[in-house]
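Engineer: Questions regarding the structure given below will be posed in turn.
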Amino acid sequence: MEAFQRLDAVALPVARANVDTDQIVPARYLQKPRTDDFGAYLFRDLRYAKDGTENADFILNQPPYRPARIVVAQRNFGCGSSREHAVWALYDYGVRAVIAPSFGDIFFSNALKNGLLPIVLPDAVVAGILQALQARPGARIVVDLAGQSVTAPDGATHGFEVDAFSKQCLLQGMDELDYTLTLTDRIAAFERQHDAVAG
C-alpha cells in the first residue's frame, strides 16, 4: 500500500449525489482476482459505450480530468452494496482521496483499510469546490494528511477529521495486517505469559 502524506493533484468533480458502488465498479467484475487492474473497471458503464468506445461526455474521459487522483463528490458517495472492489477500482486508477459531505458507511470503512482517504467536509464547502473544479478543468487540490487539511483551488484551507489509527496506517502505508505484524514481539510475549499462567 502506498504511504499517504501530502497529495497535490488534479481533482475530478462528480457533481451528483448517491454514487453507488455499482456505478463505481459494475457487479460483473466482482469475480475478477485482486491481481487485475481494477482501475480499468472504474465507472466502466459510464466511461464506455457497449461497443467499448469512450463516452466523450463522461467527465473522466475529458483530458483535463484524466490524471485526477482526488475525487470530489456530493453526499452519500459509495452507498449501496458492500463491495471492496469499488475502493480497489478507485485506488488502482490512481485516486488516493475522495472528498464528499457524506459516504456510505461500509465504503468509508473499506476505503481506510485499502489506502484511500475519505474526507468529510460540509455541504457548502464541497459545493464551492465542485463549482471551482467545473469552472477550471484540471484545477488542483492539496490534501495534507499529517496536518488534516484540504486546500481548495481558491487557496482556502479546510480541516477534516480522521481517526488516529487509520491516520497512522495511511501515513506509513500499512494495512491492518501490516500493523498487526509490527506487534509480533508483543503478541509472542503475551502468549508466553499466558502459557506460564495457564500451565
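FYI, nothing fancy with the C-alpha cells labels: chains A, B, ... in order, residues from 1 per chain, ligands from 1 as they appear.
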Report as a Markdown table: every residue of region 126-157 of chain A with an atom at most 8 Å from region 60-72 of chain A, its closest pair of atoms, and their distance in Å to one decimal, counting only C-alpha atoms, with rows sorted by chain and ascending residue number.

Structural biologist:
| residue | atom | partner | partner_atom | distance |
| --- | --- | --- | --- | --- |
| A:Val126 | CA | A:Val72 | CA | 7.3 |
| A:Ile129 | CA | A:Val72 | CA | 7.7 |
| A:Leu130 | CA | A:Val72 | CA | 6.7 |
| A:Pro137 | CA | A:Pro64 | CA | 5.6 |
| A:Gly138 | CA | A:Pro64 | CA | 4.6 |
| A:Ile141 | CA | A:Ile70 | CA | 7.7 |

Engineer: Which residues come within 6 Å of region 1-6 of chain A, counting only C-alpha atoms, excluding same-chain residues fewer than 2 positions away, as a list in words?

Structural biologist: Val143, Asp144, Leu145, Leu170, Leu171, Gln172 and Gly173 of chain A

Engineer: Neighbouring residues of region 112-122 of chain A were defined as those with any atom within 10 Å, considering only C-alpha atoms; residues of the same chain fewer than 3 positions away were excluded. Please report them as a PyMOL selection string.

Structural biologist: chain A and resi 1-4+70-72+75+77+84+87-88+90-91+94-103+107-109+125-127+143+145+148-150+158-163+165-167+169-171+173-177

Engineer: Using backbone DSSP assignments, extract all strand (DSSP E) residues from region 36-193 of chain A; output them as a PyMOL selection string.

Structural biologist: chain A and resi 70-73+97-100+117-120+140-144+149-151+157-159

Engineer: Per residue of region 74-103 of chain A within 6 Å of region 37-52 of chain A, which atom pair is closest and at what distance in Å (one decimal), using only C-alpha atoms, listed by chain and increasing number, as a tab-separated table?

Structural biologist:
residue	atom	partner	partner_atom	distance
A:Ala89	CA	A:Phe38	CA	4.4
A:Asp92	CA	A:Gly39	CA	4.5
A:Tyr93	CA	A:Gly39	CA	4.0

Engineer: Quick check for you: according to DSSP on this backbone, which residues of region 2-183 of chain A are classed as alpha helix (DSSP H)? Reply as number ranges by chain.

Structural biologist: A: 21-24, 44-47, 85-93, 105-113, 123-135, 164-172, 176-181

Engineer: Set the distance at 6 Å and use only C-alpha atoms: which residues neighbour Ala86 (chain A) once local chain neighbours fewer than 4 positions away are removed? I'd like the list as a list in words.

Structural biologist: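 My reading of the contact set: Thr21, Ile24 and Val25 of chain A.
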
Engineer: Could you please determine the separation between CA of Ala152 (chain A) and CA of Gly104 (chain A) in Å, to one decimal place?

Structural biologist: 23.4 Å

Engineer: What does the distance between CA of Leu7 (chain A) and CA of Gln131 (chain A) come to in Å, to one decimal place?

Structural biologist: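 Straight-line distance from CA of Leu7 (chain A) to CA of Gln131 (chain A) works out to 20.7 Å.
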